[in-house]
file structure.txt (compact mmCIF, C-alpha atoms)
# COMPACT_ATOMS: atom_id res chain seq x y z
CA MET A 653 38.15 49.73 -23.72
CA ALA A 654 34.87 48.02 -23.28
CA ALA A 655 34.41 46.22 -20.00
CA LYS A 656 34.48 42.43 -20.17
CA THR A 657 31.22 40.71 -19.61
CA HIS A 658 31.00 37.48 -17.63
CA ARG A 659 28.46 34.91 -18.61
CA THR A 660 26.85 33.04 -15.79
CA ALA A 661 25.64 29.50 -16.25
CA ALA A 662 21.90 29.09 -16.58
CA PRO A 663 20.32 27.67 -13.44
CA PRO A 664 19.41 23.99 -13.62
CA ALA A 665 15.97 23.24 -14.93
CA VAL A 666 13.32 22.50 -12.31
CA LEU A 667 11.57 19.14 -12.57
CA SER A 668 8.07 19.01 -11.15
CA THR A 669 6.95 16.15 -8.94
CA ARG A 670 4.90 14.83 -11.82
CA ALA A 671 7.91 14.98 -14.17
CA LEU A 672 9.96 13.03 -11.63
CA ASN A 673 7.15 10.54 -11.30
CA ARG A 674 7.01 9.83 -15.02
CA ALA A 675 10.80 9.63 -15.36
CA THR A 676 11.04 7.16 -12.48
CA LEU A 677 8.11 5.05 -13.67
CA ASP A 678 9.62 4.84 -17.15
CA ARG A 679 12.92 3.54 -15.80
CA GLN A 680 11.11 1.21 -13.43
CA LEU A 681 9.27 -0.31 -16.43
CA LEU A 682 5.95 0.82 -14.96
CA LEU A 683 4.73 3.15 -17.71
CA ARG A 684 4.52 0.26 -20.14
CA ARG A 685 5.42 -3.38 -19.67
CA SER A 686 8.83 -4.29 -21.04
CA PRO A 687 9.66 -7.26 -23.29
CA MET A 688 12.98 -7.80 -21.49
CA SER A 689 13.71 -11.10 -19.76
CA ALA A 690 13.28 -11.61 -16.03
CA LYS A 691 17.05 -11.85 -15.55
CA ASN A 692 17.69 -8.63 -17.46
CA ALA A 693 14.98 -6.90 -15.45
CA VAL A 694 16.54 -7.99 -12.14
CA THR A 695 19.85 -6.60 -13.43
CA HIS A 696 18.33 -3.34 -14.65
CA LEU A 697 16.43 -2.74 -11.40
CA VAL A 698 19.57 -3.53 -9.36
CA GLY A 699 17.69 -6.23 -7.49
CA LEU A 700 14.20 -6.81 -6.16
CA GLN A 701 13.15 -6.30 -2.56
CA ALA A 702 12.57 -9.83 -1.23
CA GLN A 703 11.69 -9.49 2.43
CA ASN A 704 8.92 -12.00 1.73
CA THR A 705 9.06 -14.75 -0.89
CA LYS A 706 6.26 -13.68 -3.28
CA PRO A 707 6.93 -9.95 -3.83
CA PRO A 708 9.75 -10.41 -6.39
CA TYR A 709 7.31 -12.26 -8.64
CA PHE A 710 4.67 -9.55 -8.33
CA GLN A 711 7.29 -6.87 -8.95
CA LEU A 712 8.18 -8.47 -12.26
CA TYR A 713 4.54 -9.11 -13.20
CA ALA A 714 3.87 -5.37 -12.87
CA ARG A 715 6.80 -4.58 -15.17
CA LEU A 716 7.21 -7.29 -17.80
CA ALA A 717 5.10 -8.27 -20.79
CA ASP A 718 3.90 -11.88 -20.76
CA PHE A 719 5.65 -12.58 -17.47
CA ASP A 720 5.49 -16.17 -16.25
CA PRO A 721 6.43 -16.64 -12.56
CA GLU A 722 8.15 -19.89 -13.48
CA GLU A 723 10.76 -17.87 -15.40
CA LEU A 724 12.09 -16.27 -12.22
CA SER A 725 11.70 -19.53 -10.31
CA ALA A 726 13.79 -21.35 -12.93
CA LEU A 727 16.52 -18.71 -12.61
CA MET A 728 16.62 -19.35 -8.88
CA GLU A 729 16.86 -23.11 -9.38
CA ALA A 730 19.67 -22.59 -11.89
CA ARG A 731 21.42 -20.31 -9.35
CA GLU A 732 21.42 -17.42 -11.81
CA VAL A 733 19.60 -15.27 -9.24
CA VAL A 734 19.73 -15.61 -5.45
CA ARG A 735 18.15 -14.24 -2.28
CA ILE A 736 20.75 -12.40 -0.21
CA VAL A 737 20.97 -9.52 2.29
CA SER A 738 22.28 -6.42 0.53
CA LEU A 739 20.80 -2.93 0.16
CA ARG A 740 19.76 -1.33 3.46
CA SER A 741 20.71 -4.63 5.13
CA THR A 742 17.49 -6.14 3.79
CA LEU A 743 16.87 -9.26 1.75
CA HIS A 744 16.92 -8.82 -2.02
CA THR A 745 16.78 -11.00 -5.10
CA HIS A 746 19.91 -10.31 -7.15
CA THR A 747 21.62 -11.79 -10.16
CA ALA A 748 24.55 -14.03 -9.28
CA ASP A 749 27.06 -11.39 -10.43
CA ASP A 750 25.44 -8.66 -8.34
CA ALA A 751 25.22 -10.95 -5.32
CA LEU A 752 28.99 -11.42 -5.51
CA THR A 753 30.02 -7.82 -6.17
CA LEU A 754 27.30 -5.47 -4.86
CA GLY A 755 27.27 -6.91 -1.34
CA PRO A 756 30.75 -5.71 -0.35
CA LEU A 757 29.99 -2.19 -1.63
CA VAL A 758 26.91 -1.85 0.58
CA ARG A 759 28.26 -3.52 3.71
CA ALA A 760 28.00 -0.39 5.88
CA PRO A 761 24.30 -0.94 6.79
CA ARG A 762 25.15 -4.47 7.95
CA ASP A 763 27.97 -3.10 10.08
CA ARG A 764 25.57 -0.59 11.66
CA GLU A 765 23.01 -3.33 12.30
CA LEU A 766 25.69 -5.45 13.93
CA LYS A 767 26.50 -2.63 16.33
CA THR A 768 22.89 -2.50 17.52
CA PHE A 769 23.30 -6.10 18.76
CA ARG A 770 26.67 -5.57 20.47
CA ARG A 771 25.26 -6.04 23.99
CA GLY A 772 24.17 -9.55 23.05
CA LEU A 773 27.63 -10.28 21.65
CA GLU A 774 29.78 -9.45 24.65
CA GLY A 775 32.80 -11.74 24.73
CA VAL A 776 32.22 -12.95 21.15
CA ASP A 777 35.22 -12.85 18.83
CA LEU A 778 33.57 -11.66 15.61
CA ASP A 779 36.40 -12.87 13.36
CA ARG A 780 36.06 -16.34 14.83
CA LEU A 781 32.27 -16.18 14.57
CA ALA A 782 32.61 -15.41 10.85
CA ALA A 783 35.03 -18.32 10.39
CA VAL A 784 32.82 -20.75 12.34
CA THR A 785 29.78 -19.66 10.32
CA GLU A 786 31.55 -20.07 6.99
CA GLU A 787 32.90 -23.53 7.80
CA PHE A 788 29.56 -24.74 9.17
CA VAL A 789 27.32 -23.59 6.30
CA GLU A 790 29.78 -24.55 3.57
CA GLU A 791 29.86 -28.14 4.81
CA ARG A 792 26.21 -28.17 3.67
CA PRO A 793 23.43 -25.55 3.64
CA ARG A 794 22.08 -25.17 7.18
CA PRO A 795 18.66 -24.15 8.47
CA LEU A 796 18.83 -20.91 10.42
CA GLY A 797 17.91 -22.64 13.67
CA GLU A 798 20.67 -25.19 13.18
CA LEU A 799 23.23 -22.45 12.56
CA ARG A 800 22.09 -20.63 15.69
CA GLU A 801 22.46 -23.79 17.79
CA GLU A 802 25.96 -24.37 16.44
CA LEU A 803 27.01 -20.84 17.33
CA LEU A 804 25.59 -21.25 20.83
CA THR A 805 27.90 -24.21 21.42
CA HIS A 806 30.81 -21.80 20.96
CA TRP A 807 29.28 -18.83 22.79
CA PRO A 808 26.62 -20.22 25.19
CA ASP A 809 26.24 -16.92 27.06
CA ALA A 810 25.56 -14.83 23.97
CA ASP A 811 22.11 -13.78 22.80
CA PRO A 812 20.87 -16.32 20.20
CA LEU A 813 19.28 -13.69 17.97
CA ALA A 814 22.41 -11.53 18.11
CA LEU A 815 24.53 -14.50 17.03
CA SER A 816 22.39 -15.24 13.98
CA VAL A 817 22.24 -11.56 13.00
CA ALA A 818 26.01 -11.33 13.35
CA ALA A 819 26.48 -14.40 11.14
CA ARG A 820 24.57 -12.91 8.21
CA CYS A 821 26.13 -9.47 8.73
CA LEU A 822 29.67 -10.83 8.73
CA ARG A 823 29.38 -13.33 5.90
CA PRO A 824 27.41 -13.05 2.61
CA LEU A 825 24.83 -15.79 3.14
CA VAL A 826 22.22 -16.79 0.58
CA GLN A 827 18.86 -18.38 1.27
CA VAL A 828 19.00 -21.55 -0.81
CA THR A 829 16.14 -23.10 -2.72
CA PRO A 830 13.47 -24.40 -2.47
CA ARG A 831 12.74 -21.30 -0.41
CA GLY A 832 11.65 -18.54 -2.76
CA LEU A 833 10.56 -20.82 -5.60
CA TRP A 834 7.16 -20.13 -7.11
CA GLY A 835 4.43 -22.30 -5.62
CA ARG A 836 6.81 -24.03 -3.24
CA SER A 837 7.96 -23.40 0.31
CA GLY A 838 10.94 -24.11 2.47
CA GLN A 839 12.53 -22.96 5.69
CA VAL A 840 15.34 -20.42 5.69
CA THR A 841 18.45 -22.46 4.88
CA LEU A 842 21.79 -20.76 4.42
CA THR A 843 25.20 -21.14 2.83
CA THR A 844 27.78 -18.67 1.56
CA VAL A 845 27.19 -17.05 -1.81
CA GLU A 846 30.53 -18.35 -3.09
CA GLN A 847 29.68 -21.92 -2.13
CA TRP A 848 26.19 -21.76 -3.62
CA LEU A 849 27.39 -20.27 -6.90
CA GLY A 850 30.58 -22.30 -7.07
CA ARG A 851 32.71 -19.25 -7.81
CA SER A 852 34.29 -16.23 -6.16
CA ALA A 853 33.63 -12.52 -6.51
CA GLY A 854 36.64 -12.29 -8.80
CA SER A 855 34.74 -14.27 -11.44
CA ALA A 856 32.10 -11.54 -11.83
CA PRO A 857 32.55 -8.27 -13.74
CA ALA A 858 34.11 -5.67 -11.45
CA LEU A 859 31.66 -3.27 -9.83
CA THR A 860 32.59 0.03 -8.18
CA LEU A 861 30.54 2.51 -6.19
CA ASP A 862 30.69 4.83 -9.20
CA ASP A 863 29.15 2.07 -11.33
CA THR A 864 26.46 1.52 -8.71
CA VAL A 865 25.49 5.20 -8.69
CA LEU A 866 25.14 5.18 -12.48
CA ARG A 867 23.04 2.01 -12.39
CA TYR A 868 20.87 3.53 -9.66
CA LEU A 869 20.26 6.64 -11.76
CA GLY A 870 19.37 4.43 -14.71
CA ALA A 871 16.66 2.73 -12.66
CA PHE A 872 15.56 5.42 -10.16
CA GLY A 873 16.75 8.80 -11.47
CA PRO A 874 16.76 11.71 -11.61
CA ALA A 875 17.86 11.58 -7.98
CA SER A 876 19.73 13.40 -5.26
CA VAL A 877 22.71 12.26 -3.23
CA MET A 878 20.36 11.63 -0.31
CA ASP A 879 18.05 9.58 -2.53
CA PHE A 880 20.92 7.26 -3.46
CA GLN A 881 22.04 6.98 0.13
CA SER A 882 18.52 6.12 1.28
CA TRP A 883 18.24 3.39 -1.38
CA ALA A 884 21.65 1.87 -0.68
CA GLY A 885 21.74 2.45 3.07
CA LEU A 886 25.03 4.33 2.73
CA THR A 887 26.32 7.69 3.91
CA ARG A 888 28.98 10.15 2.72
CA THR A 889 28.69 9.44 -0.99
CA LYS A 890 28.67 13.08 -2.14
CA GLU A 891 32.26 12.77 -3.36
CA VAL A 892 31.17 9.98 -5.72
CA PHE A 893 28.57 12.25 -7.31
CA GLU A 894 31.12 15.07 -7.54
CA ARG A 895 33.50 12.73 -9.32
CA LEU A 896 30.74 11.78 -11.76
CA ARG A 897 29.33 15.31 -12.13
CA PRO A 898 31.11 16.17 -15.43
CA GLY A 899 29.32 13.29 -17.17
CA LEU A 900 25.88 13.91 -15.63
CA LEU A 901 23.04 16.38 -16.05
CA THR A 902 21.77 18.32 -13.05
CA PHE A 903 18.29 19.54 -12.22
CA ARG A 904 16.41 20.86 -9.20
CA ASP A 905 13.18 19.58 -7.75
CA GLU A 906 10.40 21.91 -6.65
CA ARG A 907 12.01 22.17 -3.20
CA GLY A 908 15.35 23.25 -4.64
CA VAL A 909 17.18 19.96 -4.05
CA GLU A 910 19.86 19.19 -6.63
CA LEU A 911 19.17 16.11 -8.74
CA PHE A 912 21.61 14.17 -10.92
CA ASP A 913 20.79 12.19 -14.02
CA LEU A 914 22.24 10.29 -16.95
CA PRO A 915 22.30 12.45 -20.10
CA ASP A 916 20.55 9.88 -22.29
CA ALA A 917 18.02 8.63 -19.73
CA PRO A 918 14.31 9.03 -20.54
CA ARG A 919 12.41 11.93 -19.03
CA PRO A 920 8.91 11.64 -20.50
CA ASP A 921 6.34 14.36 -20.75
CA PRO A 922 4.67 14.75 -17.32
CA ASP A 923 1.30 14.16 -18.97
CA THR A 924 2.30 10.73 -20.30
CA PRO A 925 -0.46 8.27 -19.32
CA ALA A 926 0.41 5.91 -16.45
CA PRO A 927 -1.87 2.85 -16.27
CA PRO A 928 -2.78 1.30 -12.91
CA ARG A 929 -0.14 -1.01 -11.47
CA PHE A 930 -0.43 -3.41 -8.53
CA LEU A 931 2.81 -3.42 -6.54
CA PRO A 932 3.61 -5.82 -3.71
CA GLU A 933 4.63 -4.74 -0.24
CA PHE A 934 8.11 -3.21 -0.06
CA ASP A 935 8.48 -2.60 -3.80
CA ASN A 936 11.71 -0.66 -4.26
CA VAL A 937 10.03 2.07 -6.32
CA LEU A 938 8.31 3.02 -3.04
CA LEU A 939 11.55 2.82 -1.04
CA GLY A 940 14.20 4.02 -3.47
CA HIS A 941 14.36 7.71 -2.55
CA ALA A 942 14.80 9.87 0.52
CA ASP A 943 12.00 12.08 -0.83
CA ARG A 944 9.28 9.63 -1.82
CA THR A 945 6.70 12.20 -2.88
CA ARG A 946 7.46 11.44 -6.54
CA VAL A 947 5.43 8.24 -6.03
CA ILE A 948 3.73 8.62 -2.63
CA PRO A 949 1.67 11.82 -2.26
CA GLU A 950 2.22 13.58 1.05
CA VAL A 951 -1.41 12.93 1.99
CA ASN A 952 -0.82 9.17 1.67
CA LYS A 953 2.51 9.02 3.45
CA GLY A 954 2.57 6.01 5.79
CA ARG A 955 -0.81 4.77 4.57
CA ASN A 956 0.30 1.57 2.82
CA GLY A 957 0.17 -0.32 6.08
CA LYS A 958 -0.34 -0.15 9.81
CA GLY A 959 1.94 -1.27 12.58
CA ASN A 960 3.91 -4.28 11.37
CA GLN A 961 1.44 -5.07 8.58
CA THR A 962 2.18 -3.72 5.11
CA TYR A 963 -0.14 -4.22 2.14
CA GLY A 964 0.25 -4.05 -1.60
CA SER A 965 0.08 -0.63 -3.23
CA VAL A 966 -1.92 0.39 -6.28
CA LEU A 967 -0.50 3.15 -8.45
CA VAL A 968 -3.23 5.19 -10.10
CA ASP A 969 -2.05 7.82 -12.57
CA GLY A 970 1.44 6.95 -11.36
CA PHE A 971 0.95 7.64 -7.64
CA LEU A 972 0.07 5.51 -4.61
CA ASP A 973 -3.69 5.82 -4.46
CA ALA A 974 -5.04 2.52 -3.13
CA LEU A 975 -4.12 -0.63 -1.20
CA TRP A 976 -4.76 -4.24 -2.12
CA ARG A 977 -4.70 -7.73 -0.71
CA VAL A 978 -5.69 -11.21 -1.89
CA ASP A 979 -7.67 -13.74 0.15
CA ARG A 980 -8.85 -17.23 -0.75
CA GLU A 981 -12.33 -18.61 -0.25
CA GLY A 982 -12.25 -22.19 -1.49
CA GLY A 983 -11.25 -22.07 -5.14
CA THR A 984 -11.88 -18.33 -5.47
CA ALA A 985 -9.14 -15.69 -5.22
CA ILE A 986 -10.63 -12.46 -3.91
CA LEU A 987 -8.65 -9.29 -4.55
CA THR A 988 -9.84 -6.41 -2.37
CA VAL A 989 -8.92 -2.86 -3.36
CA GLN A 990 -9.12 -0.11 -0.74
CA PRO A 991 -8.99 3.30 -2.46
CA LEU A 992 -7.35 6.12 -0.54
CA ARG A 993 -9.62 8.55 -2.38
CA ARG A 994 -12.77 8.01 -4.40
CA PRO A 995 -11.74 6.83 -7.90
CA SER A 996 -13.52 8.01 -11.01
CA ARG A 997 -15.65 5.52 -12.92
CA ALA A 998 -12.93 5.19 -15.58
CA GLU A 999 -10.24 4.64 -12.95
CA ARG A 1000 -12.35 2.02 -11.21
CA THR A 1001 -12.78 0.16 -14.49
CA GLU A 1002 -9.05 0.26 -15.27
CA ILE A 1003 -8.16 -0.92 -11.76
CA THR A 1004 -10.64 -3.79 -11.98
CA GLU A 1005 -9.33 -4.91 -15.37
CA GLU A 1006 -5.70 -4.82 -14.21
CA ALA A 1007 -6.60 -6.71 -11.03
CA ALA A 1008 -8.39 -9.42 -13.01
CA ARG A 1009 -5.40 -9.87 -15.32
CA MET A 1010 -3.05 -10.20 -12.37
CA LEU A 1011 -5.24 -12.80 -10.64
CA THR A 1012 -5.30 -14.88 -13.81
CA VAL A 1013 -1.49 -15.04 -14.02
CA MET A 1014 -0.45 -14.85 -10.39
CA THR A 1015 -2.89 -17.24 -8.69
CA ASP A 1016 -3.93 -20.83 -9.35
CA ALA A 1017 -7.52 -20.14 -8.36
CA THR A 1018 -10.26 -21.38 -10.66
CA ASP A 1019 -12.41 -18.29 -9.97
CA HIS A 1020 -11.56 -14.65 -9.37
CA ASP A 1021 -13.38 -11.78 -7.72
CA VAL A 1022 -12.35 -8.12 -7.51
CA ARG A 1023 -13.96 -6.02 -4.78
CA PHE A 1024 -13.65 -2.43 -3.58
CA ALA A 1025 -13.88 -2.27 0.22
CA THR A 1026 -12.17 -1.01 3.35
CA PHE A 1027 -9.96 -3.52 5.17
CA LEU A 1028 -7.61 -1.09 6.95
CA ASP A 1029 -8.94 1.53 9.34
CA PHE A 1030 -6.58 4.47 9.76
CA GLU A 1031 -8.67 6.05 12.51
CA ASP A 1032 -7.76 3.54 15.28
call {"tool": "encode", "arguments": {"input": "structure.txt", "output": "structure tokens"}}
result
Amino acid sequence: MAAKTHRTAAPPAVLSTRALNRATLDRQLLLRRSPMSAKNAVTHLVGLQAQNTKPPYFQLYARLADFDPEELSALMEAREVVRIVSLRSTLHTHTADDALTLGPLVRAPRDRELKTFRRGLEGVDLDRLAAVTEEFVEERPRPLGELREELLTHWPDADPLALSVAARCLRPLVQVTPRGLWGRSGQVTLTTVEQWLGRSAGSAPALTLDDTVLRYLGAFGPASVMDFQSWAGLTRTKEVFERLRPGLLTFRDERGVELFDLPDAPRPDPDTPAPPRFLPEFDNVLLGHADRTRVIPEVNKGRNGKGNQTYGSVLVDGFLDALWRVDREGGTAILTVQPLRRPSRAERTEITEEAARMLTVMTDATDHDVRFATFLDFED
């Protein structure tokens, strides 16, 4: 009798760094500008990093065809998108539905942040603090300083900063308009997400952690378990990926790390052209993976800022290759590009043309000037 032969499964295909770059850029709408609406883009990208007020607008400009900043601003005024602390316990712009349902799923980073302030919260009943906060900000939206003063009347010996951090960690608080509107300003003023939207989480489509992983892969994949955890600020999510494994494809990166992906997600040819893109500080494509080499070459790691100052990033051929900032001199907007290597003549032309287009849409200056110069010295 002939011996039985056992077939072994073929090893997962290996995706090069460049292949991962093109797949991620495609899903991030950075290979070609998308015709989708601003609201659909915020949904697809699972939110926009909004640590500062202008970056969400620049993130959408880099991704959408014919983007008008007033489109996102109008969504904020209509309360269809909001600014709220979520992923990694950082401020993001989310659709109303995601603000209601995603927040509870990614609460763990806020809990960890709260623990770092425990010494300043000695003797503070956190359940009562949450109740006091909710009642106070739902009476009417309150400036952050006013909320802090109210909490100090209840806990005068507590650390003021710790009290305000605890308030936004314990309750889902939104920064209400006019803060965040295009061309306008306003101090940080807070109320609960339910009060601002006039509805509860139960009114939004249900969202599970499994759903969130699939949405993440649709916008950031192919990706590893650690990539997802870095993006969300979570830990111990391997069992979620194992549960989803039968419906996913698996690959390896060049370091042997297992990557998961949606079967029908785009994975373009690694040689697909990637035009220059100007990204604002803290764009999630730069922060959405534990291994960021798919967008940030190892040689440029940590070079998009210095100390507490972070600058915009320019993607050239899909990778971080230059920094940028905008200054005003009278009626002229001056965009300075600092290359991290010497660009070719063709690259310099493409960068200049993209910069000029962005200045036309994203500034109200009557004149524009694009310069190549050094404004950040890495040798200090």
call {"tool": "closest_residue", "arguments": {"input": "structure.txt", "among": "A:Glu1002, A:Lys890, A:Pro918, A:Gly885", "to": "Arg764 in chain A", "atoms": "all atoms listed in the file"}}
result
A:Gly885
call {"tool": "residues_around", "arguments": {"input": "structure.txt", "residues": "range 850-853 of chain A", "least_positions_apart": "2", "cutoff": "8 Å", "atoms": "all atoms listed in the file", "output": "PyMOL selection string"}}
result
chain A and resi 749+752-753+846-848+855-856
call {"tool": "closest_residue", "arguments": {"input": "structure.txt", "among": "A:Val877, A:Arg731, A:Thr805, A:Leu849", "to": "Glu891 in chain A", "atoms": "only C-alpha atoms"}}
result
A:Val877
call {"tool": "residues_around", "arguments": {"input": "structure.txt", "residues": "Leu697 in chain A", "least_positions_apart": "4", "cutoff": "8 Å", "atoms": "all atoms listed in the file", "output": "number ranges by chain"}}
result
A: 680, 693, 868, 871
call {"tool": "residues_around", "arguments": {"input": "structure.txt", "residues": "Asp777 in chain A", "least_positions_apart": "5", "cutoff": "12 Å", "atoms": "all atoms listed in the file", "output": "PyMOL selection string"}}
result
chain A and resi 770+782-784+803+806-807+810+815+818-819+822
call {"tool": "atom_distance", "arguments": {"input": "structure.txt", "atom1": "CA of Leu804 in chain A", "atom2": "CA of Glu786 in chain A"}}
result
15.1 Å
call {"tool": "residues_around", "arguments": {"input": "structure.txt", "residues": "Ala974 in chain A", "least_positions_apart": "6", "cutoff": "8 Å", "atoms": "only C-alpha atoms", "output": "PDB file with C-alpha atoms, in the coordinates of the input"}}
result
ATOM      1  CA  SER A 965       0.080  -0.630  -3.230  1.00  0.00           C
ATOM      2  CA  VAL A 966      -1.920   0.390  -6.280  1.00  0.00           C
ATOM      3  CA  LEU A 967      -0.500   3.150  -8.450  1.00  0.00           C
ATOM      4  CA  VAL A 968      -3.230   5.190 -10.100  1.00  0.00           C
ATOM      5  CA  VAL A 989      -8.920  -2.860  -3.360  1.00  0.00           C
ATOM      6  CA  GLN A 990      -9.120  -0.110  -0.740  1.00  0.00           C
ATOM      7  CA  PRO A 991      -8.990   3.300  -2.460  1.00  0.00           C
ATOM      8  CA  LEU A 992      -7.350   6.120  -0.540  1.00  0.00           C
ATOM      9  CA  ARG A 993      -9.620   8.550  -2.380  1.00  0.00           C
TER      10      ARG A 993
END
call {"tool": "residues_around", "arguments": {"input": "structure.txt", "residues": "Arg980 in chain A", "least_positions_apart": "4", "cutoff": "10 Å", "atoms": "only C-alpha atoms", "output": "list in words"}}
result
Thr984, Ala985, Ile986, Leu987, Thr1015, Ala1017, Asp1019, His1020 and Asp1021 of chain A
call {"tool": "closest_residue", "arguments": {"input": "structure.txt", "among": "A:Arg684, A:Arg907, A:Lys691, A:Arg794", "to": "Ala730 in chain A", "atoms": "all atoms listed in the file"}}
result
A:Lys691
call {"tool": "atom_distance", "arguments": {"input": "structure.txt", "atom1": "CA of Glu933 in chain A", "atom2": "CA of Asp1016 in chain A"}}
result
20.4 Å
call {"tool": "closest_residue", "arguments": {"input": "structure.txt", "among": "A:Asn673, A:His941, A:Phe1024, A:Gly983", "to": "Ala926 in chain A", "atoms": "only C-alpha atoms"}}
result
A:Asn673
call {"tool": "residues_near_point", "arguments": {"input": "structure.txt", "point": "(20.8, 14.7, -13.3)", "cutoff": "7 Å", "atoms": "all atoms listed in the file", "output": "PyMOL selection string"}}
result
chain A and resi 874-875+900-903+911-914
call {"tool": "closest_residue", "arguments": {"input": "structure.txt", "among": "A:Phe1030, A:Leu938, A:Glu774, A:His696", "to": "His746 in chain A", "atoms": "only C-alpha atoms"}}
result
A:His696
call {"tool": "closest_residue", "arguments": {"input": "structure.txt", "among": "A:Arg977, A:Met728, A:Gln703, A:Pro687", "to": "Leu716 in chain A", "atoms": "all atoms listed in the file"}}
result
A:Pro687
call {"tool": "atom_distance", "arguments": {"input": "structure.txt", "atom1": "CA of Val865 in chain A", "atom2": "CA of Thr889 in chain A"}}
result
9.4 Å
call {"tool": "residues_near_point", "arguments": {"input": "structure.txt", "point": "(21.9, 2.6, -0.7)", "cutoff": "9 Å", "atoms": "only C-alpha atoms", "output": "PyMOL selection string"}}
result
chain A and resi 739-740+758+761+879-887+940
